[in-house]
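> structure20.cif is the file, holding mmCIF, C-alpha atoms:
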```
data_work
#
loop_
_atom_site.label_atom_id
_atom_site.label_comp_id
_atom_site.auth_asym_id
_atom_site.auth_seq_id
_atom_site.Cartn_x
_atom_site.Cartn_y
_atom_site.Cartn_z
CA MET K 1 -30.54 -17.21 -5.09
CA LYS K 2 -30.65 -14.13 -7.27
CA LEU K 3 -27.58 -11.95 -7.60
CA ASN K 4 -27.29 -9.07 -10.02
CA GLY K 5 -26.20 -5.49 -10.19
CA HIS K 6 -24.03 -3.95 -7.48
CA SER K 7 -22.31 -6.64 -5.46
CA ARG K 8 -18.98 -7.13 -3.71
CA LEU K 9 -15.91 -9.18 -4.54
CA LEU K 10 -13.95 -10.38 -1.54
CA ARG K 11 -10.42 -11.45 -2.44
CA ILE K 12 -8.28 -13.34 0.07
CA PHE K 13 -4.57 -14.02 -0.52
CA VAL K 14 -2.98 -16.91 1.38
CA GLY K 15 -0.19 -19.44 0.86
CA GLU K 16 -0.63 -22.94 -0.48
CA ILE K 17 0.89 -24.49 2.64
CA ASP K 18 -1.27 -22.51 5.08
CA LYS K 19 -3.22 -25.00 7.16
CA ILE K 20 -5.95 -24.98 9.74
CA HIS K 21 -6.59 -28.22 11.64
CA HIS K 22 -4.42 -30.12 9.10
CA HIS K 23 -6.54 -28.92 6.14
CA PRO K 24 -5.66 -26.24 3.58
CA LEU K 25 -6.73 -22.78 4.72
CA TYR K 26 -8.16 -21.97 1.29
CA GLU K 27 -10.39 -25.05 1.56
CA ALA K 28 -11.59 -24.05 5.04
CA ILE K 29 -12.51 -20.58 3.75
CA VAL K 30 -14.48 -21.93 0.77
CA LEU K 31 -16.31 -24.49 2.92
CA GLU K 32 -17.19 -21.77 5.44
CA ALA K 33 -18.48 -19.55 2.63
CA ARG K 34 -20.69 -22.37 1.36
CA LYS K 35 -21.97 -23.03 4.89
CA GLU K 36 -22.87 -19.33 5.19
CA GLY K 37 -24.85 -19.42 1.92
CA ILE K 38 -22.46 -17.16 0.01
CA ALA K 39 -23.29 -16.97 -3.73
CA GLY K 40 -19.95 -18.28 -4.99
CA ALA K 41 -16.26 -18.84 -4.32
CA THR K 42 -13.30 -19.77 -6.50
CA VAL K 43 -9.72 -20.65 -5.58
CA LEU K 44 -6.93 -19.69 -7.97
CA ARG K 45 -3.30 -20.82 -7.72
CA GLY K 46 -0.73 -18.20 -8.63
CA ILE K 47 2.59 -18.86 -10.29
CA MET K 48 4.58 -16.11 -8.61
CA SER K 49 4.14 -13.68 -5.74
CA TYR K 50 5.58 -11.81 -2.81
CA GLY K 51 3.90 -10.11 0.09
CA ALA K 52 4.62 -8.45 3.41
CA SER K 53 7.71 -10.60 3.99
CA SER K 54 9.11 -9.71 0.51
CA ARG K 55 9.94 -13.41 0.01
CA ILE K 56 9.45 -14.52 -3.62
CA HIS K 57 7.24 -17.58 -4.18
CA SER K 58 7.59 -19.01 -7.69
CA ALA K 59 6.53 -22.02 -9.75
CA ARG K 60 9.62 -21.99 -11.99
CA LEU K 61 11.18 -25.43 -12.43
CA ILE K 62 14.55 -24.21 -11.17
CA ASP K 63 13.16 -23.30 -7.77
CA ILE K 64 9.80 -25.01 -7.29
CA SER K 65 8.10 -23.37 -4.35
CA GLU K 66 6.10 -25.43 -1.92
CA ASP K 67 4.18 -22.32 -0.96
CA LEU K 68 2.58 -20.91 -4.10
CA PRO K 69 0.09 -18.07 -3.74
CA MET K 70 -3.58 -18.99 -3.45
CA VAL K 71 -6.31 -16.43 -4.13
CA ILE K 72 -9.87 -17.05 -2.99
CA GLU K 73 -12.45 -14.90 -4.76
CA ILE K 74 -15.91 -14.68 -3.22
CA VAL K 75 -18.85 -12.76 -4.70
CA ASP K 76 -22.12 -11.82 -3.02
CA THR K 77 -24.11 -8.84 -1.80
CA GLU K 78 -22.42 -6.17 0.27
CA GLU K 79 -24.35 -7.26 3.36
CA LYS K 80 -23.37 -10.93 3.10
CA ILE K 81 -19.73 -10.14 2.34
CA ASN K 82 -19.53 -7.74 5.29
CA GLN K 83 -20.98 -10.43 7.58
CA PHE K 84 -18.48 -12.99 6.26
CA ILE K 85 -15.29 -10.91 6.66
CA PRO K 86 -14.95 -11.48 10.45
CA LYS K 87 -15.11 -15.26 9.86
CA VAL K 88 -12.31 -15.00 7.30
CA GLN K 89 -10.24 -12.87 9.68
CA ALA K 90 -10.74 -15.45 12.44
CA LEU K 91 -9.57 -18.26 10.13
CA LEU K 92 -6.47 -16.27 9.12
CA GLU K 93 -5.69 -15.57 12.77
CA GLN K 94 -6.10 -19.25 13.67
CA CYS K 95 -3.68 -20.18 10.89
CA GLY K 96 -1.16 -17.63 12.14
CA ARG K 97 0.71 -17.20 8.86
CA GLY K 98 -0.67 -13.87 7.65
CA GLY K 99 -2.53 -13.04 4.49
CA LEU K 100 -4.31 -10.21 2.72
CA ILE K 101 -8.01 -9.41 2.37
CA THR K 102 -9.35 -6.94 -0.19
CA ILE K 103 -12.87 -5.95 -1.16
CA GLU K 104 -14.17 -4.16 -4.22
CA GLN K 105 -17.43 -3.25 -5.81
CA VAL K 106 -18.43 -5.32 -8.85
CA ASN K 107 -21.38 -5.29 -11.17
CA VAL K 108 -22.84 -8.79 -11.62
CA LEU K 109 -24.22 -9.13 -15.13
CA PHE K 110 -25.23 -12.80 -15.03
CA TYR K 111 -25.56 -15.33 -12.21
CA GLU K 112 -27.59 -18.47 -12.70
CA PRO K 113 -27.17 -22.12 -11.72
CA ARG K 114 -26.66 -24.81 -14.35
CA LYS K 115 -29.86 -26.19 -15.84
#
```
Represent the structure contained in this file as structure tokens.

Amino acid sequence: MKLNGHSRLLRIFVGEIDKIHHHPLYEAIVLEARKEGIAGATVLRGIMSYGASSRIHSARLIDISEDLPMVIEIVDTEEKINQFIPKVQALLEQCGRGGLITIEQVNVLFYEPRK
């Protein structure tokens, strides 16, 4: 797959404890992206956050949170990202714990598989 120039970055914010069918929601999203042939996905664990509920989630030793923020970043063409968004929304709705989806334009400078 070739990916360069104007592309889209889909960013999905969920909680570490969010599950779908007893599996982490972030994992379900990445596996669905791979199944759909999306160029790439990465999951990042945050150390502190708050969202719509205004509840603080933190990784400090004093108050270890069991629900750290997880950010899934997915990059591909605008067309593929737009086709994938309804699948992400459906997964978030199935989970029932909320989340946030953002999209932005990015300029891919280099994308190539390992040799």
> Set the distance at 7 Å and use only C-alpha atoms: which residues neighbour K:Ile72 once local chain neighbours fewer than 5 positions away are removed? I'd like the list as a PyMOL selection string.
chain K and resi 11-13+26+41-44
> Quick one: pull the distance between atom CA of K:Pro69 and atom CA of K:Leu3, Å, one decimal.
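Rounded to one decimal, the two atoms are 28.6 Å apart.
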> Could you work out how far atom CA of K:Asp67 lies from atom CA of K:Ile17, giving the answer in Å with one decimal?
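Computing the Euclidean distance for atom CA of K:Ile17 and atom CA of K:Asp67 yields 5.3 Å.
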> Since I can't run it myself right now, could you work out what the PyMOL selection byres ((chain K and resi 1) around 12) selects here and report it as a PDB file with C-alpha atoms, in the frame of the given file?

```pdb
ATOM      1  CA  LYS K   2     -30.650 -14.130  -7.270  1.00  0.00           C
ATOM      2  CA  LEU K   3     -27.580 -11.950  -7.600  1.00  0.00           C
ATOM      3  CA  ASN K   4     -27.290  -9.070 -10.020  1.00  0.00           C
ATOM      4  CA  GLY K  37     -24.850 -19.420   1.920  1.00  0.00           C
ATOM      5  CA  ILE K  38     -22.460 -17.160   0.010  1.00  0.00           C
ATOM      6  CA  ALA K  39     -23.290 -16.970  -3.730  1.00  0.00           C
ATOM      7  CA  GLY K  40     -19.950 -18.280  -4.990  1.00  0.00           C
ATOM      8  CA  ASP K  76     -22.120 -11.820  -3.020  1.00  0.00           C
ATOM      9  CA  THR K  77     -24.110  -8.840  -1.800  1.00  0.00           C
ATOM     10  CA  TYR K 111     -25.560 -15.330 -12.210  1.00  0.00           C
ATOM     11  CA  GLU K 112     -27.590 -18.470 -12.700  1.00  0.00           C
ATOM     12  CA  PRO K 113     -27.170 -22.120 -11.720  1.00  0.00           C
TER      13      PRO K 113
END
```
> For each of K:Gly5, K:Gly15, K:Gly46, K:Gly98, take the minimum atom-to-atom distance to K:Glu27, counting all atoms listed in the file, then give the residue where this is smallest.
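Of K:Gly5, K:Gly15, K:Gly46, K:Gly98, the one nearest K:Glu27 is K:Gly15, counting all atoms listed in the file.
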> Which residue, K:Lys87, K:Cys95, K:Leu9, K:Met48, has the smallest gap to K:Pro24 when you use all atoms listed in the file?
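Going through K:Lys87, K:Cys95, K:Leu9, K:Met48 one by one, the smallest distance to K:Pro24 is for K:Cys95.
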> Write out as a PDB file with C-alpha atoms, in the frame of the given file which residues come within 7 Å of K:Val14 when counting only C-alpha atoms, dropping same-chain ones fewer than 6 positions away.

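Final file, selection.pdb:
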```
ATOM      1  CA  PRO K  69       0.090 -18.070  -3.740  1.00  0.00           C
ATOM      2  CA  MET K  70      -3.580 -18.990  -3.450  1.00  0.00           C
ATOM      3  CA  VAL K  71      -6.310 -16.430  -4.130  1.00  0.00           C
ATOM      4  CA  GLY K  99      -2.530 -13.040   4.490  1.00  0.00           C
ATOM      5  CA  LEU K 100      -4.310 -10.210   2.720  1.00  0.00           C
TER       6      LEU K 100
END
```
> Please compute the atom CA of K:Asn82-atom CA of K:Ile47 distance, one decimal, in Å.
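Computed distance, atom CA of K:Asn82 to atom CA of K:Ile47, equals 29.3 Å.
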> Go through K:Leu10, K:His22, K:Ile29, K:Glu78 and flag the residue nearest K:Leu92, using all atoms listed in the file for the distances.
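Of all the options, K:Ile29 lies closest to K:Leu92.
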